[in-house]
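Trainee: The file below is run.pdb, PDB, C-alpha atoms and all ligand atoms:
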ATOM      1  CA  MET A  11     221.270 -59.386  87.272
ATOM      2  CA  THR A  12     223.146 -56.089  87.605
ATOM      3  CA  LYS A  13     223.226 -53.869  90.648
ATOM      4  CA  SER A  14     221.282 -51.153  88.800
ATOM      5  CA  GLN A  15     218.487 -53.615  87.992
ATOM      6  CA  TYR A  16     218.423 -54.668  91.646
ATOM      7  CA  LEU A  17     218.220 -51.070  92.804
ATOM      8  CA  LEU A  18     215.491 -50.260  90.300
ATOM      9  CA  ARG A  19     213.526 -53.277  91.510
ATOM     10  CA  SER A  20     214.052 -52.138  95.092
ATOM     11  CA  LEU A  21     212.886 -48.640  94.206
ATOM     12  CA  LEU A  22     209.722 -49.994  92.597
ATOM     13  CA  ARG A  23     208.965 -52.000  95.731
ATOM     14  CA  ILE A  24     210.043 -49.420  98.279
ATOM     15  CA  ARG A  25     206.456 -48.838  99.398
ATOM     16  CA  SER A  26     205.719 -52.536  99.835
ATOM     17  CA  ALA A  27     204.789 -53.546 103.366
ATOM     18  CA  LYS A  28     207.690 -54.153 105.730
ATOM     19  CA  ILE A  29     206.517 -57.460 107.150
ATOM     20  CA  CYS A  30     208.639 -60.333 108.426
ATOM     21  CA  PRO A  31     208.673 -62.978 105.683
ATOM     22  CA  TYR A  32     208.887 -65.718 108.333
ATOM     23  CA  CYS A  33     206.202 -64.906 110.928
ATOM     24  CA  LYS A  34     204.414 -61.983 109.212
ATOM     25  CA  SER A  35     204.874 -59.657 112.189
ATOM     26  CA  ASN A  36     205.118 -55.952 111.421
ATOM     27  CA  ARG A  37     207.166 -55.239 114.570
ATOM     28  CA  HIS A  38     210.831 -54.841 113.758
ATOM     29  CA  THR A  39     213.955 -52.770 114.306
ATOM     30  CA  GLN A  40     216.201 -51.535 111.528
ATOM     31  CA  VAL A  41     219.732 -52.887 112.007
ATOM     32  CA  ASP A  42     221.526 -51.853 108.810
ATOM     33  CA  SER A  43     221.033 -50.183 105.424
ATOM     34  CA  LYS A  44     222.575 -50.127 101.925
ATOM     35  CA  TYR A  45     222.254 -47.744  98.965
ATOM     36  CA  ILE A  46     219.590 -45.667 100.790
ATOM     37  CA  LEU A  47     216.880 -47.889  99.274
ATOM     38  CA  THR A  48     217.440 -51.162 101.103
ATOM     39  CA  THR A  49     217.353 -51.889 104.832
ATOM     40  CA  LEU A  50     218.002 -54.895 107.038
ATOM     41  CA  ASN A  51     215.370 -55.302 109.751
ATOM     42  CA  GLU A  52     215.175 -57.613 112.744
ATOM     43  CA  CYS A  53     211.745 -59.043 113.487
ATOM     44  CA  ALA A  54     210.742 -58.435 117.117
ATOM     45  CA  GLU A  55     208.911 -61.766 117.265
ATOM     46  CA  CYS A  56     211.033 -64.434 115.532
ATOM     47  CA  LYS A  57     214.339 -62.466 115.344
ATOM     48  CA  LEU A  58     214.771 -63.064 111.620
ATOM     49  CA  MET A  59     216.761 -60.290 109.979
ATOM     50  CA  PHE A  60     215.242 -59.599 106.601
ATOM     51  CA  ARG A  61     215.944 -57.218 103.765
ATOM     52  CA  HIS A  62     213.362 -54.674 102.678
ATOM     53  CA  PRO A  63     212.093 -54.441 100.002
ATOM     54  CA  ILE A  64     211.774 -58.212  99.750
ATOM     55  CA  ASP A  65     211.372 -60.105  96.484
ATOM     56  CA  THR A  66     208.287 -62.078  95.632
ATOM     57  CA  VAL A  67     208.480 -65.893  95.655
ATOM     58  CA  SER A  68     207.808 -65.968  91.897
ATOM     59  CA  PHE A  69     210.604 -63.478  91.189
ATOM     60  CA  ASN A  70     212.982 -65.526  93.310
ATOM     61  CA  ARG A  71     212.133 -68.715  91.448
ATOM     62  CA  LYS A  72     212.789 -67.093  88.076
ATOM     63  CA  PHE A  73     216.000 -65.493  89.343
ATOM     64  CA  TYR A  74     217.534 -68.796  90.410
ATOM     65  CA  GLN A  75     216.381 -70.550  87.284
ATOM     66  CA  GLU A  76     217.961 -68.132  84.836
ATOM     67  CA  ASP A  77     219.921 -65.230  86.201
ATOM     68  CA  TYR A  78     221.902 -66.313  89.205
ATOM     69  CA  GLU A  79     225.593 -65.691  88.850
ATOM     70  CA  GLN A  80     228.050 -65.179  91.614
ATOM     71  CA  HIS A  81     231.694 -64.880  90.715
ATOM     72  CA  ASP A  82     233.185 -66.470  93.793
ATOM     73  CA  GLY A  83     234.351 -69.477  91.822
ATOM     74  CA  ILE A  84     232.060 -71.794  93.734
ATOM     75  CA  THR A  85     228.380 -71.169  93.410
ATOM     76  CA  THR A  86     227.676 -70.981  89.737
ATOM     77  CA  ASP A  87     230.937 -71.283  87.759
ATOM     78  CA  LEU A  88     231.356 -74.622  86.071
ATOM     79  CA  PRO A  89     234.745 -76.331  85.993
ATOM     80  CA  SER A  90     236.336 -77.442  82.743
ATOM     81  CA  GLU A  91     236.345 -81.167  81.900
ATOM     82  CA  LEU A  92     239.932 -81.431  83.133
ATOM     83  CA  GLU A  93     239.234 -79.563  86.376
ATOM     84  CA  LEU A  94     236.199 -81.747  86.978
ATOM     85  CA  LYS A  95     238.229 -84.903  86.462
ATOM     86  CA  GLU A  96     240.780 -83.726  89.022
ATOM     87  CA  LEU A  97     238.071 -82.713  91.516
ATOM     88  CA  LEU A  98     236.419 -86.117  91.285
ATOM     89  CA  SER A  99     239.623 -88.121  91.505
ATOM     90  CA  SER A 100     240.635 -86.264  94.674
ATOM     91  CA  ASN A 101     237.045 -86.338  96.034
ATOM     92  CA  PHE A 102     237.265 -82.504  96.098
ATOM     93  CA  ALA A 103     239.971 -82.601  98.812
ATOM     94  CA  GLY A 104     241.517 -79.200  99.446
ATOM     95  CA  SER A 105     239.277 -77.426  96.898
ATOM     96  CA  GLY A 106     236.700 -74.741  97.676
ATOM     97  CA  LYS A 107     234.105 -77.496  97.322
ATOM     98  CA  ASP A 108     235.588 -79.839  99.914
ATOM     99  CA  TYR A 109     232.766 -80.715 102.325
ATOM    100  CA  SER A 110     234.652 -83.298 104.379
ATOM    101  CA  ASP A 111     234.515 -81.216 107.592
ATOM    102  CA  LYS A 112     230.737 -80.971 107.454
ATOM    103  CA  ILE A 113     230.355 -84.594 106.429
ATOM    104  CA  GLU A 114     232.396 -85.678 109.471
ATOM    105  CA  ILE A 115     229.870 -83.837 111.658
ATOM    106  CA  LEU A 116     226.895 -85.427 109.893
ATOM    107  CA  LYS A 117     228.440 -88.845 110.539
ATOM    108  CA  THR A 118     228.265 -88.246 114.296
ATOM    109  CA  LEU A 119     224.479 -87.734 114.110
ATOM    110  CA  SER A 120     223.497 -91.281 113.221
ATOM    111  CA  ASP A 121     224.551 -94.751 114.308
ATOM    112  CA  LYS A 122     223.289 -96.285 111.073
ATOM    113  CA  ALA A 123     225.763 -97.754 108.590
ATOM    114  CA  ALA A 124     224.206 -95.788 105.737
ATOM    115  CA  PRO A 125     222.190 -92.861 107.114
ATOM    116  CA  SER A 126     219.652 -91.315 104.797
ATOM    117  CA  VAL A 127     220.326 -87.660 103.990
ATOM    118  CA  VAL A 128     218.584 -85.000 101.939
ATOM    119  CA  ASP A 129     220.961 -82.497 100.331
ATOM    120  CA  TYR A 130     218.576 -79.553  99.948
ATOM    121  CA  GLY A 131     219.900 -76.918  97.539
ATOM    122  CA  ALA A 132     222.334 -79.382  96.022
ATOM    123  CA  ASN A 133     223.677 -76.917  93.464
ATOM    124  CA  TRP A 134     225.832 -78.850  90.949
ATOM    125  CA  GLY A 135     225.798 -81.982  93.114
ATOM    126  CA  TYR A 136     229.320 -81.752  94.563
ATOM    127  CA  THR A 137     228.193 -82.173  98.175
ATOM    128  CA  SER A 138     225.847 -85.026  97.267
ATOM    129  CA  TYR A 139     228.722 -86.714  95.458
ATOM    130  CA  GLN A 140     230.928 -86.492  98.560
ATOM    131  CA  LEU A 141     228.092 -87.684 100.806
ATOM    132  CA  MET A 142     227.647 -90.704  98.544
ATOM    133  CA  GLN A 143     231.389 -91.450  98.712
ATOM    134  CA  ALA A 144     231.111 -91.266 102.515
ATOM    135  CA  GLY A 145     228.416 -93.958 102.514
ATOM    136  CA  PHE A 146     225.249 -91.903 102.953
ATOM    137  CA  LYS A 147     222.017 -92.710 101.138
ATOM    138  CA  VAL A 148     221.490 -89.412  99.382
ATOM    139  CA  GLN A 149     218.483 -87.625  97.947
ATOM    140  CA  SER A 150     219.325 -84.337  96.256
ATOM    141  CA  TYR A 151     217.114 -81.381  95.491
ATOM    142  CA  GLU A 152     217.931 -78.224  93.547
ATOM    143  CA  LEU A 153     215.602 -75.506  92.249
ATOM    144  CA  SER A 154     217.761 -74.651  89.243
ATOM    145  CA  LYS A 155     217.254 -77.063  86.350
ATOM    146  CA  PRO A 156     220.592 -76.373  84.575
ATOM    147  CA  ARG A 157     222.472 -77.194  87.786
ATOM    148  CA  ALA A 158     220.387 -80.300  88.431
ATOM    149  CA  THR A 159     221.084 -81.517  84.910
ATOM    150  CA  PHE A 160     224.814 -81.085  85.474
ATOM    151  CA  GLY A 161     224.567 -83.472  88.437
ATOM    152  CA  LYS A 162     224.030 -86.398  86.068
ATOM    153  CA  LYS A 163     227.541 -85.803  84.737
ATOM    154  CA  ILE A 164     228.987 -86.773  88.086
ATOM    155  CA  GLY A 165     226.491 -89.534  88.810
ATOM    156  CA  VAL A 166     224.195 -87.547  91.091
ATOM    157  CA  ASN A 167     220.457 -87.654  90.473
ATOM    158  CA  ILE A 168     219.167 -84.208  91.450
ATOM    159  CA  LEU A 169     215.420 -83.668  91.758
ATOM    160  CA  THR A 170     213.962 -80.287  90.855
ATOM    161  CA  ASP A 171     210.580 -81.013  92.440
ATOM    162  CA  GLU A 172     210.796 -81.217  96.221
ATOM    163  CA  ASN A 173     207.538 -83.192  96.317
ATOM    164  CA  GLN A 174     209.458 -86.150  94.887
ATOM    165  CA  LEU A 175     211.672 -86.456  97.972
ATOM    166  CA  ASN A 176     210.923 -89.570 100.030
ATOM    167  CA  SER A 177     210.377 -89.523 103.800
ATOM    168  CA  GLY A 178     212.244 -91.601 106.389
ATOM    169  CA  VAL A 179     215.193 -89.216 106.312
ATOM    170  CA  ASP A 180     217.814 -89.206 109.102
ATOM    171  CA  ILE A 181     219.408 -85.857 108.211
ATOM    172  CA  PHE A 182     217.951 -82.931 106.300
ATOM    173  CA  PHE A 183     221.079 -81.016 105.290
ATOM    174  CA  ASN A 184     221.332 -77.574 103.726
ATOM    175  CA  SER A 185     224.403 -75.419 103.389
ATOM    176  CA  HIS A 186     224.299 -71.782 102.328
ATOM    177  CA  VAL A 187     220.712 -72.083 101.180
ATOM    178  CA  ILE A 188     218.590 -70.552 103.937
ATOM    179  CA  GLU A 189     219.970 -67.021 103.466
ATOM    180  CA  HIS A 190     218.597 -67.081  99.896
ATOM    181  CA  LEU A 191     215.107 -68.413 100.610
ATOM    182  CA  PRO A 192     211.972 -66.291 100.188
ATOM    183  CA  ASP A 193     210.040 -68.795 102.360
ATOM    184  CA  ILE A 194     212.128 -70.336 105.164
ATOM    185  CA  LYS A 195     209.090 -71.855 106.868
ATOM    186  CA  ASN A 196     208.366 -73.901 103.761
ATOM    187  CA  MET A 197     211.782 -75.572 104.086
ATOM    188  CA  PHE A 198     211.255 -76.256 107.815
ATOM    189  CA  GLU A 199     207.861 -77.838 107.083
ATOM    190  CA  LEU A 200     209.328 -79.962 104.323
ATOM    191  CA  ALA A 201     212.174 -81.133 106.583
ATOM    192  CA  LYS A 202     209.716 -81.955 109.354
ATOM    193  CA  LYS A 203     207.615 -83.994 106.955
ATOM    194  CA  LEU A 204     210.579 -85.980 105.617
ATOM    195  CA  LEU A 205     212.559 -86.580 108.813
ATOM    196  CA  THR A 206     212.212 -89.580 111.126
ATOM    197  CA  ASP A 207     211.268 -88.828 114.769
ATOM    198  CA  ASP A 208     214.945 -88.796 115.750
ATOM    199  CA  GLY A 209     216.132 -87.139 112.546
ATOM    200  CA  PHE A 210     218.107 -83.904 112.433
ATOM    201  CA  PHE A 211     217.697 -80.665 110.539
ATOM    202  CA  VAL A 212     221.175 -79.280 109.813
ATOM    203  CA  ALA A 213     221.774 -75.841 108.314
ATOM    204  CA  TYR A 214     224.919 -73.822 107.599
ATOM    205  CA  CYS A 215     224.876 -70.159 106.624
ATOM    206  CA  PRO A 216     226.708 -66.850 107.032
ATOM    207  CA  ASN A 217     226.651 -65.879 110.706
ATOM    208  CA  GLY A 218     224.541 -62.801 111.467
ATOM    209  CA  SER A 219     224.576 -63.373 115.246
ATOM    210  CA  ALA A 220     225.048 -60.410 117.585
ATOM    211  CA  ASP A 221     228.494 -61.703 118.661
ATOM    212  CA  LEU A 222     229.769 -61.737 115.068
ATOM    213  CA  LYS A 223     228.342 -58.289 114.398
ATOM    214  CA  LEU A 224     230.135 -56.931 117.438
ATOM    215  CA  LYS A 225     233.414 -58.575 116.453
ATOM    216  CA  ASN A 226     233.285 -57.854 112.737
ATOM    217  CA  PRO A 227     230.687 -55.248 111.729
ATOM    218  CA  GLU A 228     232.074 -54.937 108.176
ATOM    219  CA  LEU A 229     231.618 -58.643 107.515
ATOM    220  CA  PHE A 230     228.106 -58.480 108.967
ATOM    221  CA  HIS A 231     227.336 -55.650 106.537
ATOM    222  CA  ASN A 232     228.503 -57.875 103.650
ATOM    223  CA  PHE A 233     226.377 -60.818 104.717
ATOM    224  CA  TRP A 234     223.087 -59.430 103.414
ATOM    225  CA  GLY A 235     221.966 -57.798 100.182
ATOM    226  CA  GLN A 236     220.845 -58.665  96.687
ATOM    227  CA  VAL A 237     221.274 -62.454  96.799
ATOM    228  CA  HIS A 238     220.933 -62.769 100.583
ATOM    229  CA  PRO A 239     217.526 -61.384 101.596
ATOM    230  CA  ASN A 240     217.854 -63.136 104.982
ATOM    231  CA  CYS A 241     220.522 -62.753 107.625
ATOM    232  CA  LEU A 242     220.428 -65.651 110.102
ATOM    233  CA  SER A 243     221.477 -65.570 113.719
ATOM    234  CA  ALA A 244     221.688 -67.811 116.774
ATOM    235  CA  GLU A 245     218.872 -65.682 118.179
ATOM    236  CA  PHE A 246     216.578 -66.612 115.272
ATOM    237  CA  PHE A 247     217.265 -70.357 115.421
ATOM    238  CA  ALA A 248     216.882 -70.427 119.217
ATOM    239  CA  THR A 249     213.470 -68.754 118.791
ATOM    240  CA  VAL A 250     212.050 -70.874 115.971
ATOM    241  CA  PHE A 251     213.328 -74.148 117.480
ATOM    242  CA  LYS A 252     212.411 -73.182 121.056
ATOM    243  CA  ASP A 253     210.528 -76.402 121.883
ATOM    244  CA  VAL A 254     213.041 -78.982 120.633
ATOM    245  CA  PRO A 255     216.672 -80.030 121.200
ATOM    246  CA  TYR A 256     219.220 -77.985 119.276
ATOM    247  CA  LEU A 257     222.896 -77.189 119.040
ATOM    248  CA  ILE A 258     223.867 -73.822 117.609
ATOM    249  CA  GLY A 259     227.441 -72.765 116.984
ATOM    250  CA  SER A 260     229.962 -71.404 114.511
ATOM    251  CA  ASP A 261     233.141 -72.639 112.858
ATOM    252  CA  GLY A 262     235.112 -74.931 115.230
ATOM    253  CA  ARG A 263     233.827 -78.473 115.624
ATOM    254  CA  SER A 264     235.455 -79.851 118.733
ATOM    255  CA  GLU A 265     232.518 -79.128 121.022
ATOM    256  CA  ILE A 266     229.913 -80.723 118.759
ATOM    257  CA  SER A 267     230.759 -84.250 119.877
ATOM    258  CA  GLY A 268     230.002 -83.215 123.472
ATOM    259  CA  TRP A 269     226.340 -82.494 122.702
ATOM    260  CA  ASP A 270     223.893 -85.070 124.133
ATOM    261  CA  LYS A 271     221.459 -84.516 121.225
ATOM    262  CA  ASN A 272     218.599 -83.903 123.650
ATOM    263  CA  SER A 273     219.334 -80.503 125.189
ATOM    264  CA  GLN A 274     219.444 -76.932 123.888
ATOM    265  CA  GLN A 275     222.970 -75.564 123.641
ATOM    266  CA  ILE A 276     224.468 -72.457 122.104
ATOM    267  CA  LEU A 277     228.240 -72.605 121.627
ATOM    268  CA  ASP A 278     230.509 -69.709 120.667
ATOM    269  CA  VAL A 279     228.734 -67.849 117.863
ATOM    270  CA  SER A 280     231.319 -65.221 116.928
ATOM    271  CA  GLY A 281     232.760 -67.136 113.931
ATOM    272  CA  ASN A 282     232.029 -66.401 110.281
ATOM    273  CA  GLU A 283     229.821 -69.397 109.581
ATOM    274  CA  LEU A 284     226.783 -70.298 111.672
ATOM    275  CA  PHE A 285     225.331 -73.765 112.030
ATOM    276  CA  VAL A 286     222.264 -75.241 113.679
ATOM    277  CA  ILE A 287     221.520 -78.903 114.327
ATOM    278  CA  ALA A 288     217.967 -79.453 115.588
ATOM    279  CA  LYS A 289     215.583 -82.330 116.174
ATOM    280  CA  ILE A 290     212.612 -80.506 114.725
ATOM    281  CA  LYS A 291     209.985 -83.239 114.496
ATOM    282  CA  LYS A 292     208.027 -81.989 117.525
ATOM    283  CA  GLN A 293     208.379 -78.265 116.783
ATOM    284  CA  LYS A 294     205.242 -76.410 115.671
ATOM    285  CA  PHE A 295     205.980 -73.790 113.026
TER     286      PHE A 295
HETATM  287 ZN    ZN B   1     209.306 -62.714 112.277
END
I'd like the structure from this file rewritten - as structure tokens, please.
Ligand SMILES: [Zn+2]

Mentor:
Amino acid sequence: MTKSQYLLRSLLRIRSAKICPYCKSNRHTQVDSKYILTTLNECAECKLMFRHPIDTVSFNRKFYQEDYEQHDGITTDLPSELELKELLSSNFAGSGKDYSDKIEILKTLSDKAAPSVVDYGANWGYTSYQLMQAGFKVQSYELSKPRATFGKKIGVNILTDENQLNSGVDIFFNSHVIEHLPDIKNMFELAKKLLTDDGFFVAYCPNGSADLKLKNPELFHNFWGQVHPNCLSAEFFATVFKDVPYLIGSDGRSEISGWDKNSQQILDVSGNELFVIAKIKKQKF
């Protein structure tokens, strides 16, 4: 998908209603713009920052099935057989796909010997593989069939139908997924359905919080666009999870272990990557 195709699509949809894709409110403030045609808007109700024009759910599905390419060496590029062998033998240590930091945090969320985790948006299965090595019981889901098929190569069974995921889940994990989603609420509802009463929803994404924007406006500007229709912030998560315990923060991990898992806490949110850990079972969406 080239930039000109994206801009043409945006032009064709420029008159589409500017409505928050999360809560459907039409009250918003423009916070940024790109290429004249596209704007980033913050919903006055739920605080989601969303791109306008937005894509339809059906377009999004097709896009991720066939067209999605991102040349950052991580998201869509496949390693050679030799590279893959090396990645597996080192359990991805030190590579751009090393998830050990995040896995260490997930370990602190459950006392069980083998906590059950859903890896939602599993991509090629690298994170699921590392979760399995760390002793988690893993269910993996990925929209893109070619990527899910690749998972078999490394021993990861990746479902492409989220209805096949089983409930009784201790941790619903997603990393760099939510900024792509046309329907965030659908993922929250799914997580709520699958999680146990004490289970945790855990999301990582680029940090669009006000503190990051103030510190690094250029980076903020780069965080939204063609493949990122949503820009997530601490303000959004604190709003949508307002009735349940949560911990919101960015980057550094040291303070996470100090959370009692029953209060609402927002740590420093000026780092590049935002995370939220929330016990969402009792939240109404
Ligand atoms: Zn909204």

Trainee: Name the residues in contact with range 270-285 of chain A at a cut-off of 8 Å, using all atoms listed in the file, excluding same-chain residues fewer than 3 positions from it; report them as a PyMOL selection string.

Mentor: chain A and resi 212-223+225+243-244+254-261+265

Trainee: Got a sec to resolve the PyMOL selection byres (((chain A and resi 145-155) around 8) and not hetatm) on this structure and send the residues as a PyMOL selection string?

Mentor: chain A and resi 71+74-76+123-133+135+138+141-144+156-159+166-172+175

Trainee: I would like the residues chosen by the PyMOL selection byres (((not hetatm)) within 9 of (chain B and resi 1)) on the shown file; could you give them as JSON, numbers by chain?

Mentor: {"A": [29, 30, 31, 32, 33, 34, 35, 36, 37, 38, 52, 53, 54, 55, 56, 57, 58, 59, 60, 246]}

Trainee: Nearest to Asn101 in chain A: which of A:Gln140, A:Ser68, A:Asn232, A:Ser120 is it, counting only C-alpha atoms?

Mentor: A:Gln140

Trainee: In Å, rounded to a single decimal, give me how far CA of Thr49 in chain A is from CA of Phe183 in chain A.

Mentor: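 Between CA of Phe183 in chain A and CA of Thr49 in chain A the gap is 29.4 Å.
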
Trainee: For Thr66 in chain A, which residue among A:Leu47, A:Met197, A:Ile287, A:Leu191 is the nearest when counting only C-alpha atoms?

Mentor: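 Smallest distance to Thr66 in chain A is found for A:Leu191.
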
Trainee: Please, what distance in Å, to one decimal, runs between CA of Leu97 in chain A and CA of Gln174 in chain A?

Mentor: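 Distance reported for this atom pair: 29.0 Å.
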
Trainee: Which residue out of A:Asp65, A:Glu228, A:Glu96, A:Asp207 has the minimum interatomic distance to Ser177 in chain A when all atoms listed in the file are used?

Mentor: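 Once distances to Ser177 in chain A are computed over all atoms listed in the file, the minimum belongs to A:Asp207.
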
Trainee: Take the PyMOL selection byres (((chain A and resi 295) around 10) and not hetatm), apply it to the structure above, and return the hits as a list in words.

Mentor: Tyr32, Cys33, Lys195, Asn196, Phe198, Glu199, Lys202, Val250, Phe251, Ile290, Lys292, Gln293 and Lys294 of chain A

Trainee: Considering all atoms listed in the file, can you say which of A:Leu92, A:Asn184, A:Gly209, A:Gly104 comes closest to Asp121 in chain A?

Mentor: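 When distances to Asp121 in chain A are compared using all atoms listed in the file, the smallest one comes from A:Gly209.
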
Trainee: So which one's closest to Thr206 in chain A, A:Arg23, A:Lys291, A:Lys72, A:His238? Using all atoms listed in the file, please.

Mentor: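 Using all atoms listed in the file, Thr206 in chain A sits closest to A:Lys291.
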
Trainee: Could you please fill out range 270-281 of chain A with N, CA and C atoms and send it back as a PDB file, in the coordinates of the input?

Mentor:
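What ended up in part27.pdb:
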ATOM      1  N   ASP A 270     224.637 -83.834 123.849  1.00  0.00           N
ATOM      2  CA  ASP A 270     223.893 -85.070 124.133  1.00  0.00           C
ATOM      3  C   ASP A 270     222.721 -85.305 123.174  1.00  0.00           C
ATOM      4  N   LYS A 271     222.510 -84.415 122.252  1.00  0.00           N
ATOM      5  CA  LYS A 271     221.459 -84.516 121.225  1.00  0.00           C
ATOM      6  C   LYS A 271     220.042 -84.396 121.792  1.00  0.00           C
ATOM      7  N   ASN A 272     219.926 -84.042 123.055  1.00  0.00           N
ATOM      8  CA  ASN A 272     218.599 -83.903 123.650  1.00  0.00           C
ATOM      9  C   ASN A 272     218.397 -82.602 124.406  1.00  0.00           C
ATOM     10  N   SER A 273     219.440 -81.769 124.463  1.00  0.00           N
ATOM     11  CA  SER A 273     219.334 -80.503 125.189  1.00  0.00           C
ATOM     12  C   SER A 273     219.445 -79.337 124.202  1.00  0.00           C
ATOM     13  N   GLN A 274     219.261 -78.135 124.711  1.00  0.00           N
ATOM     14  CA  GLN A 274     219.444 -76.932 123.888  1.00  0.00           C
ATOM     15  C   GLN A 274     220.762 -76.291 124.292  1.00  0.00           C
ATOM     16  N   GLN A 275     221.655 -76.136 123.338  1.00  0.00           N
ATOM     17  CA  GLN A 275     222.970 -75.564 123.641  1.00  0.00           C
ATOM     18  C   GLN A 275     223.366 -74.550 122.588  1.00  0.00           C
ATOM     19  N   ILE A 276     223.895 -73.429 123.047  1.00  0.00           N
ATOM     20  CA  ILE A 276     224.468 -72.457 122.104  1.00  0.00           C
ATOM     21  C   ILE A 276     225.951 -72.337 122.428  1.00  0.00           C
ATOM     22  N   LEU A 277     226.788 -72.682 121.460  1.00  0.00           N
ATOM     23  CA  LEU A 277     228.240 -72.605 121.627  1.00  0.00           C
ATOM     24  C   LEU A 277     228.702 -71.185 121.280  1.00  0.00           C
ATOM     25  N   ASP A 278     229.983 -71.006 121.111  1.00  0.00           N
ATOM     26  CA  ASP A 278     230.509 -69.709 120.667  1.00  0.00           C
ATOM     27  C   ASP A 278     229.910 -69.375 119.296  1.00  0.00           C
ATOM     28  N   VAL A 279     229.317 -68.212 119.164  1.00  0.00           N
ATOM     29  CA  VAL A 279     228.734 -67.849 117.863  1.00  0.00           C
ATOM     30  C   VAL A 279     229.336 -66.537 117.354  1.00  0.00           C
ATOM     31  N   SER A 280     230.666 -66.423 117.452  1.00  0.00           N
ATOM     32  CA  SER A 280     231.319 -65.221 116.928  1.00  0.00           C
ATOM     33  C   SER A 280     232.080 -65.511 115.635  1.00  0.00           C
ATOM     34  N   GLY A 281     232.043 -66.779 115.167  1.00  0.00           N
ATOM     35  CA  GLY A 281     232.760 -67.136 113.931  1.00  0.00           C
ATOM     36  C   GLY A 281     231.984 -66.747 112.681  1.00  0.00           C
TER      37      GLY A 281
END
